[in-house]
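What follows is a set of notes on a single structure, which appears directly below.
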Amino acid sequence: MANVTIRIDKDLQDLPELNTPTARPGQEKGALTGWIQDLLFTVDHKKLGLMYICSGLFFFVVAGLMATAIRIQLAVPRNDFLDPDTFNRFFTMHGTAMVFYVGMPILLGAGNYLVPLMIGARDMAFPRLNAFGFWLFLFSGILLYSSYLVGPGLYAAGSAPDVGWFAYSPLTAKAFSRGSSTDFWTLSLLMTGIGSVATSLNIIVTIICMRCKGMTLMRMPLFVWILFVTAFLVVIAIPPLTACQVMLTLDRFLGAKFFDTQGGGDAVLWQHFFWIFGHPEVYILILPGFAMASEIIPVFSRKPIFGYPIMVAATVMIAFISLGVWAHHMFCVGMTSLGNTFFVLSTMLVAVPTGIKIFNWLGTMYGGKIRMELPMLFCIAFLFQFLIAGLTGIMLAVAPFDWQLSDSYFVVAHFHYVLIGGLLFTIFGGIYYWFPKATGRMMDKKLGLAHFWIFLVGFHVTFFPQHISGILGMPRRIFTYDAGRGWELWNMISSVGVLLQGIGILFFVVNILWSLWKGRKAGDDPWDAWTLEWATTSPPADYNFEKLPEVRSARPLWDAKHPEDPDWRFE
Amino acid sequence: METTTAQISTEWKLPSPRKVGMITLILTESTLFSIFVVAYVFYIGKSLNGPFPKDVLEIPWLASICLFGSSATIVMAEKALHRKNRAAFHGFWLATIALGAIFIIYTGIEWYHLIFHDNLTVSTNLFGSTFYALVGLHASHVIVGLILLSCVAISSLRGKLHEDHTEHVEMISWYWHFVDAIWIVVLLVVYILSVHAPLPPGVS
Amino acid sequence: MFHLVALEVRRSFRRFRGIASICIPALLFWASTAPVAAQQDTVPLRPIGNIFDPLSVPARAISDIGIFASLICLGIFIVVAGLLVFTVIKFRRKVGDDDAEPPQIYGSTQIELAWTVLPVLITVVLVLVTARTIAEIQNRKIPESALTIRVIGHQWWWEAHYPQYGFVTANEIHIPLSTKDRPVITELQLESADVIHSFWVPQLNGKTDVIPNRTNRMWLEPEQTGVYLGNCAEYCGTQHANMLLRVVVHDPAEFEKWVQSQQAPAMQVASAQKGRELFASLNCVNCHRIDGSIAEGVFGPDLTHLMTRRTIGAGVAANTPENLHQWVRDPQVLKVGCLMPNLQLLDNEVDEIVGYLQTLH
């Protein structure tokens, strides 16, 4: 913390645009209008990153409330809290929003905010493209939710899409989905897909072309490496989704036959195309979780990440294999035994690099001096929950077992362990970790602990019983069920857990607001960390670094703080 | 510390963002096209009713030669630009635009015939759906390319194309080559493979 | 060689299966799985589709491999979670620790290699065992003598054709019991009339999707009689939740009796004459079929032997006179969104129609 010196290769004076007092339109106007104008026209990666994350958190609350309504409906058998159509719309919008409007923007936002800081750059490679990506995402989210205002109005939940987030054909065909609800779904995903590809392209180019002097690929923080791989996955995996949506739009508006089973179209083709996107998408969502854990765990264990090159290799492996596993979502469609076996093999293979990662995180903690700060607590919980999620994933990969478990509540439990237990916990960890950097203030620890423990308990109470109801034969996406089939108890427990999660989230929201207002001043480097974002002020200035840094190892700040034992000696 | 300062290489060169960006764009576009190609191939011979590819498609030799030729002229144009021979650059560049335009006009005529003479529309059968989607996606890329080419032509003719725009021009030519390469695939799959594929059972 | 390993693993596992198949369900699912005697039935009702309580040959194979995979995963969980807990407790910063940084370890090739090879080995074993079970279930030769049932999924009910016997029924599928000395296999040919559905009766077999333009096949070989409950397991629209399934497993003699009752022509009871005429004059006949009448519709369930079924509306309500009345008056009350419209019948018309339907034994 003390004598952090970063080498200089470029003075601020070299950058003419920083010396001219233009930059901010509307600063001379009223504070509020100026602020709004700034948000609307900014191309700054930090502001866009925070806007991504804040919109993501907003959609998280909306989609979370839908999930709450779903759980209330399912708490007791033959409940009539929601009518079937509303229920179906809620789970469709919940799934779609959580994947495309919560997971994606938060990870793209984190990448946007942190990648330039971590590689010692002043901004992304294409700042305007960055703003373009963000606004496409935001408008597509508004488009999707505006579907509620069309049709029979709010009480009947409008005419929001009700085809499920993977929208299997031919349920989406005009014959079975009348009105325009499915078109809202299709067009908004088309839009946000293009936005995500634009932003990911930007992340790739930034990482390749904007690294500060000395930052070779193998000196990049693991966060940057994993975001790099994730961005590649987005660029490769989103186009199939885009193609799907174009084809479906042609079907619905121009009467094309792609997925029209009456006209010879194939219902299973949609599933192939969708999951060619959809499975890499799962890794697109979870990899940034890995990325954040890979930064937080070393810093709080006070040790470098164990086996850095292996971690990089494992990430690339996961991404590569994930492109060839899609049909494990389709074990029940009646593929040949050979096809099934192939996808069992490829799916099981993912377990190997994923296992390596878990072991390496453990190896990082082993022999360290673990500081039990909030970010670390969330990461430890992540490790525990992701372990469970990974193992239930292996169970699901056993195709015959999947013939029973597929589309049951077991699957619901599994992917909520991945996406909440894995991803959301690391996102929370990341927020507690980088909040001081972004705002200059620390988050409150007591409120944070309350958030952590209540949410942790709520999460397990909600989702663990769903494994059991799935094993007892409860299919997913049913709006009601009969008493006497062994599901009542587990559903009731599950619904109670939601209440706890809600209280936990409330603590989180209060903590954010309170800390923004009254949080302790953070200083540049509150966690005694090692990557470049901690070498600048909190919050960073528009230009990020007064002087562009120069690095000689993967932990430049360690080198600066420990001149007697720098990392670069081992390179 | 002094000894270590020397270890840092003084050379720190990174690739140009435009090039990396264009390569990434081509990567993402390739996956987009590949899905449409897969859909087309998957549905060959599965249309429930005619017209079928062999009834209505003719290999567009002229258009293909024009499009492939335009890849050559754009390379010449780039070379001319490097030699600072503006006249030659204009000539080759405009030739590229003309060849691309011929291609797109040919496609227009082909579609007109298919729609009004052969009664093949996007909703006629699976062949119609997949054909118009794939060929249309490619044609839309040609149109985008033509717009980009025209922008360069206009700014160059107005004398606003400067030395530091060389890389922009190069990127547009990369994109154009990509559009050409896609046409090879489309030509093989649509006009050669599917024309020779057997008809579905029960159709004569 | 790997094949032999897999075989050996399976064999040793078989020995272990007896204990495991009792312990695991008992451990996890103390919720009663005991069959309940269903009213008016000679066979017990089995409402709980516990996949670890299989009562059919393919379901048992799945349960076996499921327990095998679960145990492996449980073992991994105990080891890794134990390591995690140990690490967190042992290496957390304690009160009074100095500020010195711990030794900076960057990695170790040997350790990395070890924890790469170990998962690979586990994966290999699991894949081989899985491949065997896939082949065992999917490539099973179905004998000529097998009973074939064409099951057609509709939004939101099931149609069942018995081509060997020449009759059609709906929502409640009856099949014969298979015994050691007289094994009987039932093959289902699954088709869809509209969107994708999925046929799932957990205690009899895993699910198989029901896809338009395709015929998927699955086989059942039940070992216990009973009324097995199941669901449509692929989201198929508004009433996906109420697309319930009942598979009734009889012993062969009972099954023959049931077949004969279904093959008989529809009853013509004189007292229901008025209701029959009314039924024939209404829109009912456009969608429903009653053998031997002008009702030849194919969009709704066959009603020829309606009263032999235990439920109406694909399991949404018991087949009682009150529910029948409610259904005929306005099906949208019992099953909102279902494709049968409210026919706006007068009260006396409802009575007559229901009176007629109740004669259809």
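Simple scheme: letters A, B, ... for chains in structure tokens order, numbers from 1 for residues in each chain, numbers from 1 for ligands in the order shown.
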| Residues within 12 Å of Ala181 (chain B), only C-alpha atoms, excluding chain neighbours under 5 positions, as a PyMOL selection string | chain B and resi 26+29-30+33+64+67-68+70-71+138+141-142+174-176+186-188
Atoms kept (C-alpha atoms) for selection, written as an mmCIF file, in the first residue's frame:
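Here's the written file selection.cif:
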```cif
data_model
loop_
_atom_site.group_PDB
_atom_site.id
_atom_site.type_symbol
_atom_site.label_atom_id
_atom_site.label_comp_id
_atom_site.auth_asym_id
_atom_site.auth_seq_id
_atom_site.Cartn_x
_atom_site.Cartn_y
_atom_site.Cartn_z
ATOM 1 C CA ILE B 26 -15.481 -12.359 -39.542
ATOM 2 C CA GLU B 29 -20.254 -13.814 -39.037
ATOM 3 C CA SER B 30 -18.890 -17.196 -40.058
ATOM 4 C CA PHE B 33 -23.577 -18.241 -41.843
ATOM 5 C CA SER B 64 -20.054 -15.649 -59.578
ATOM 6 C CA LEU B 67 -17.984 -11.453 -57.524
ATOM 7 C CA PHE B 68 -14.766 -13.464 -57.596
ATOM 8 C CA SER B 70 -14.142 -8.144 -57.660
ATOM 9 C CA SER B 71 -11.854 -9.773 -55.095
ATOM 10 C CA HIS B 138 -25.339 -13.303 -48.244
ATOM 11 C CA HIS B 141 -23.741 -8.671 -46.776
ATOM 12 C CA VAL B 142 -22.897 -7.808 -50.372
ATOM 13 C CA TRP B 174 -10.870 -8.041 -45.863
ATOM 14 C CA TYR B 175 -14.611 -7.878 -45.377
ATOM 15 C CA TRP B 176 -15.136 -8.056 -49.123
ATOM 16 C CA VAL B 186 -23.286 -20.827 -51.031
ATOM 17 C CA LEU B 187 -22.525 -21.708 -54.624
ATOM 18 C CA LEU B 188 -21.415 -25.208 -53.720
#
```
| request: Residues of chain C no more than 6 Å from chain A, counting only C-alpha atoms: send them over as a PyMOL selection string. | output: chain C and resi 47-51+62+66+69+73+87+91-93+102+104+106-107+119+127+130-131+195+206-209+233+238+241
Just write the chosen residues, N, CA and C atoms, as a PDB file, in the first residue's frame.
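Saved the output as selection.pdb:
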```
ATOM      1  N   PRO C  47     -48.972 -43.293  -6.351  1.00  0.00           N
ATOM      2  CA  PRO C  47     -48.950 -41.888  -6.757  1.00  0.00           C
ATOM      3  C   PRO C  47     -47.562 -41.275  -6.770  1.00  0.00           C
ATOM      4  N   ILE C  48     -46.606 -41.894  -6.062  1.00  0.00           N
ATOM      5  CA  ILE C  48     -45.313 -41.229  -5.907  1.00  0.00           C
ATOM      6  C   ILE C  48     -44.310 -41.811  -6.891  1.00  0.00           C
ATOM      7  N   GLY C  49     -43.889 -40.990  -7.815  1.00  0.00           N
ATOM      8  CA  GLY C  49     -43.000 -41.455  -8.881  1.00  0.00           C
ATOM      9  C   GLY C  49     -41.555 -41.409  -8.465  1.00  0.00           C
ATOM     10  N   ASN C  50     -41.230 -42.055  -7.363  1.00  0.00           N
ATOM     11  CA  ASN C  50     -39.841 -42.052  -6.901  1.00  0.00           C
ATOM     12  C   ASN C  50     -38.980 -42.831  -7.883  1.00  0.00           C
ATOM     13  N   ILE C  51     -38.002 -42.147  -8.491  1.00  0.00           N
ATOM     14  CA  ILE C  51     -37.215 -42.832  -9.513  1.00  0.00           C
ATOM     15  C   ILE C  51     -36.285 -43.870  -8.907  1.00  0.00           C
ATOM     16  N   ILE C  62     -32.166 -47.966 -14.887  1.00  0.00           N
ATOM     17  CA  ILE C  62     -31.841 -46.549 -14.705  1.00  0.00           C
ATOM     18  C   ILE C  62     -31.560 -46.256 -13.244  1.00  0.00           C
ATOM     19  N   GLY C  66     -28.232 -44.846 -11.706  1.00  0.00           N
ATOM     20  CA  GLY C  66     -28.410 -43.590 -10.985  1.00  0.00           C
ATOM     21  C   GLY C  66     -27.798 -43.653  -9.600  1.00  0.00           C
ATOM     22  N   ALA C  69     -23.980 -43.633  -9.993  1.00  0.00           N
ATOM     23  CA  ALA C  69     -23.434 -42.294 -10.242  1.00  0.00           C
ATOM     24  C   ALA C  69     -23.572 -41.415  -9.009  1.00  0.00           C
ATOM     25  N   CYS C  73     -20.575 -39.534  -6.961  1.00  0.00           N
ATOM     26  CA  CYS C  73     -20.603 -38.087  -6.742  1.00  0.00           C
ATOM     27  C   CYS C  73     -20.593 -37.767  -5.261  1.00  0.00           C
ATOM     28  N   THR C  87      -9.351 -26.779   4.864  1.00  0.00           N
ATOM     29  CA  THR C  87      -8.493 -25.662   4.454  1.00  0.00           C
ATOM     30  C   THR C  87      -8.944 -24.356   5.092  1.00  0.00           C
ATOM     31  N   PHE C  91      -6.381 -22.791   7.707  1.00  0.00           N
ATOM     32  CA  PHE C  91      -5.554 -21.704   7.184  1.00  0.00           C
ATOM     33  C   PHE C  91      -6.199 -20.338   7.284  1.00  0.00           C
ATOM     34  N   ARG C  92      -7.249 -20.229   8.084  1.00  0.00           N
ATOM     35  CA  ARG C  92      -7.804 -18.882   8.213  1.00  0.00           C
ATOM     36  C   ARG C  92      -6.902 -18.062   9.132  1.00  0.00           C
ATOM     37  N   ARG C  93      -6.913 -16.767   8.916  1.00  0.00           N
ATOM     38  CA  ARG C  93      -6.083 -15.900   9.748  1.00  0.00           C
ATOM     39  C   ARG C  93      -6.615 -15.911  11.166  1.00  0.00           C
ATOM     40  N   PRO C 102       2.177 -15.310   3.898  1.00  0.00           N
ATOM     41  CA  PRO C 102       2.556 -16.728   3.897  1.00  0.00           C
ATOM     42  C   PRO C 102       3.501 -16.998   2.733  1.00  0.00           C
ATOM     43  N   GLN C 104       4.859 -17.839  -0.699  1.00  0.00           N
ATOM     44  CA  GLN C 104       4.193 -17.672  -1.989  1.00  0.00           C
ATOM     45  C   GLN C 104       4.462 -18.898  -2.859  1.00  0.00           C
ATOM     46  N   TYR C 106       3.555 -21.008  -6.198  1.00  0.00           N
ATOM     47  CA  TYR C 106       2.946 -20.696  -7.491  1.00  0.00           C
ATOM     48  C   TYR C 106       2.287 -21.901  -8.148  1.00  0.00           C
ATOM     49  N   GLY C 107       2.571 -23.093  -7.670  1.00  0.00           N
ATOM     50  CA  GLY C 107       1.974 -24.271  -8.287  1.00  0.00           C
ATOM     51  C   GLY C 107       2.923 -25.443  -8.176  1.00  0.00           C
ATOM     52  N   PRO C 119      -9.638 -37.262 -12.043  1.00  0.00           N
ATOM     53  CA  PRO C 119     -10.958 -37.062 -12.661  1.00  0.00           C
ATOM     54  C   PRO C 119     -11.092 -37.765 -14.001  1.00  0.00           C
ATOM     55  N   VAL C 127     -18.298 -43.146 -18.037  1.00  0.00           N
ATOM     56  CA  VAL C 127     -18.747 -43.170 -19.434  1.00  0.00           C
ATOM     57  C   VAL C 127     -18.988 -44.607 -19.872  1.00  0.00           C
ATOM     58  N   THR C 130     -22.090 -45.993 -18.305  1.00  0.00           N
ATOM     59  CA  THR C 130     -23.255 -45.346 -18.910  1.00  0.00           C
ATOM     60  C   THR C 130     -23.534 -45.910 -20.295  1.00  0.00           C
ATOM     61  N   ALA C 131     -22.459 -46.072 -21.081  1.00  0.00           N
ATOM     62  CA  ALA C 131     -22.645 -46.574 -22.445  1.00  0.00           C
ATOM     63  C   ALA C 131     -23.338 -47.931 -22.416  1.00  0.00           C
ATOM     64  N   VAL C 195     -47.721 -30.037 -30.508  1.00  0.00           N
ATOM     65  CA  VAL C 195     -46.399 -29.575 -30.078  1.00  0.00           C
ATOM     66  C   VAL C 195     -45.664 -30.728 -29.404  1.00  0.00           C
ATOM     67  N   GLY C 206     -37.780 -44.030 -17.839  1.00  0.00           N
ATOM     68  CA  GLY C 206     -37.464 -42.612 -17.983  1.00  0.00           C
ATOM     69  C   GLY C 206     -38.395 -41.988 -18.998  1.00  0.00           C
ATOM     70  N   LYS C 207     -38.213 -40.668 -19.218  1.00  0.00           N
ATOM     71  CA  LYS C 207     -39.143 -40.019 -20.144  1.00  0.00           C
ATOM     72  C   LYS C 207     -38.639 -40.104 -21.575  1.00  0.00           C
ATOM     73  N   THR C 208     -39.575 -40.083 -22.493  1.00  0.00           N
ATOM     74  CA  THR C 208     -39.249 -40.007 -23.908  1.00  0.00           C
ATOM     75  C   THR C 208     -40.104 -38.911 -24.516  1.00  0.00           C
ATOM     76  N   ASP C 209     -39.465 -38.037 -25.287  1.00  0.00           N
ATOM     77  CA  ASP C 209     -40.205 -36.925 -25.863  1.00  0.00           C
ATOM     78  C   ASP C 209     -41.154 -37.398 -26.944  1.00  0.00           C
ATOM     79  N   ALA C 233     -43.909 -34.230 -19.468  1.00  0.00           N
ATOM     80  CA  ALA C 233     -42.707 -33.640 -18.888  1.00  0.00           C
ATOM     81  C   ALA C 233     -42.023 -32.656 -19.825  1.00  0.00           C
ATOM     82  N   THR C 238     -50.502 -23.828 -22.047  1.00  0.00           N
ATOM     83  CA  THR C 238     -51.251 -23.399 -20.861  1.00  0.00           C
ATOM     84  C   THR C 238     -51.446 -24.502 -19.827  1.00  0.00           C
ATOM     85  N   ALA C 241     -49.477 -28.498 -16.916  1.00  0.00           N
ATOM     86  CA  ALA C 241     -49.491 -29.115 -15.583  1.00  0.00           C
ATOM     87  C   ALA C 241     -50.595 -30.150 -15.445  1.00  0.00           C
TER      88      ALA C 241
END
```
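Proximity of C:Asp330, C:Glu277, C:Glu191, C:Glu136 to Pro58 (chain C), computed with only C-alpha atoms, is greatest for C:Glu136.
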| Between CA of His165 (chain B) and CA of Phe89 (chain B), what is the spacing in Å? | 13.5 Å
| field | Atomic distance CA of Cys284 (chain C) - CA of Asp302 (chain C), expressed in Å with one decimal | value |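 According to the coordinates, CA of Cys284 (chain C) and CA of Asp302 (chain C) are separated by 11.2 Å.
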Within 7 Å of chain B, which residues of chain A show up? Give each one with its shortest atom-to-atom distance in Å (one decimal) and the two atoms involved, counting only C-alpha atoms, rows by chain then rising residue number, as CSV.
```
residue,atom,partner,partner_atom,distance
A:Ala125,CA,B:Pro17,CA,6.6
A:Leu201,CA,B:Thr24,CA,6.4
A:Val205,CA,B:Pro17,CA,5.7
A:Cys209,CA,B:Leu14,CA,5.3
A:Lys213,CA,B:Trp12,CA,6.0
A:Gly214,CA,B:Ile8,CA,6.9
A:Val235,CA,B:Thr28,CA,5.2
A:Ile236,CA,B:Thr28,CA,5.5
A:Pro239,CA,B:Leu32,CA,4.7
A:Pro240,CA,B:Leu32,CA,5.9
A:Ala243,CA,B:Leu32,CA,6.2
A:Leu254,CA,B:Ser123,CA,6.5
A:Gly255,CA,B:Ser123,CA,4.8
A:Ala256,CA,B:Ser123,CA,4.4
A:Lys257,CA,B:Leu126,CA,5.5
A:Phe258,CA,B:Leu126,CA,6.6
A:Gly263,CA,B:Leu48,CA,6.8
A:Gly264,CA,B:Leu48,CA,6.2
```
With C-alpha atoms retained, could you export that selection as a short mmCIF file (atom, residue, chain, number, x, y, z; two decimals), in the first residue's frame?
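Dumped to again-v3.cif:
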```cif
data_model
loop_
_atom_site.label_atom_id
_atom_site.label_comp_id
_atom_site.auth_asym_id
_atom_site.auth_seq_id
_atom_site.Cartn_x
_atom_site.Cartn_y
_atom_site.Cartn_z
CA ALA A 125 -10.60 -0.23 -27.88
CA LEU A 201 -15.79 -8.18 -29.72
CA VAL A 205 -9.88 -6.38 -29.14
CA CYS A 209 -4.47 -4.57 -28.41
CA LYS A 213 3.79 -2.19 -21.58
CA GLY A 214 5.14 -5.48 -20.31
CA VAL A 235 -18.78 -14.26 -30.33
CA ILE A 236 -19.03 -17.88 -31.44
CA PRO A 239 -24.80 -16.13 -33.72
CA PRO A 240 -26.62 -19.48 -33.63
CA ALA A 243 -29.88 -17.30 -36.64
CA LEU A 254 -43.58 -14.51 -43.68
CA GLY A 255 -44.84 -18.06 -43.29
CA ALA A 256 -41.46 -19.74 -43.76
CA LYS A 257 -41.27 -23.41 -42.84
CA PHE A 258 -38.07 -23.72 -40.79
CA GLY A 263 -44.85 -27.88 -43.62
CA GLY A 264 -42.18 -30.52 -43.16
#
```
| task | Please identify all polymer residues within 8 Å of Glu187 (chain C), counting only C-alpha atoms, omitting same-chain residues fewer than 2 positions from it, and present them as a list in words. | result |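 In the requested form, the answer reads Ile142, Ala146, Leu147, Thr148, Ile149, Ile185, Gln189, Arg217, Met218, Trp219 and Leu220 of chain C.
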| said: Report as number ranges by chain all protein, DNA and RNA residues lying within 10 Å of Val75 (chain B), evaluated on only C-alpha atoms, omitting residues in the same chain fewer than 2 positions from it. | reply: B: 70-73, 77-81, 89, 92-93, 96, 170, 173-174, 177
I need the chosen residues saved as a compact mmCIF listing (two decimals), in the first residue's frame, with C-alpha atoms.
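Writing the result to part-v8.txt gives the following:
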```
# COMPACT_ATOMS: atom_id res chain seq x y z
CA SER B 70 -14.14 -8.14 -57.66
CA SER B 71 -11.85 -9.77 -55.10
CA ALA B 72 -9.04 -9.45 -57.58
CA THR B 73 -9.80 -5.85 -58.48
CA ALA B 77 -6.89 -1.18 -55.88
CA GLU B 78 -5.13 -1.68 -52.57
CA LYS B 79 -1.79 -2.13 -54.26
CA ALA B 80 -2.39 1.03 -56.24
CA LEU B 81 -3.16 2.88 -53.04
CA PHE B 89 -6.89 3.11 -57.22
CA PHE B 92 -9.93 -0.60 -59.65
CA TRP B 93 -12.09 0.49 -56.77
CA THR B 96 -14.99 -3.55 -57.71
CA GLU B 170 -7.59 -2.67 -46.06
CA SER B 173 -11.17 -5.34 -48.53
CA TRP B 174 -10.87 -8.04 -45.86
CA HIS B 177 -12.93 -11.14 -49.41
```
| task | Would you list the contacts of Val144 (chain B) as a count of residues only, taking every protein, DNA or RNA residue within 12 Å and counting only C-alpha atoms, but skipping same-chain residues closer than 4 positions in sequence? | result | 16
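Pairwise distance (CA of Thr42 (chain C), CA of Val249 (chain C)) equals 10.4 Å.
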| request: Please provide as a ChimeraX atom specification all residues within 12 Å of Leu161 (chain B), with the sequence filter that same-chain residues fewer than 6 positions apart are discarded (counting only C-alpha atoms). | output: /B:81,84,86,89-90,151-155,167-169
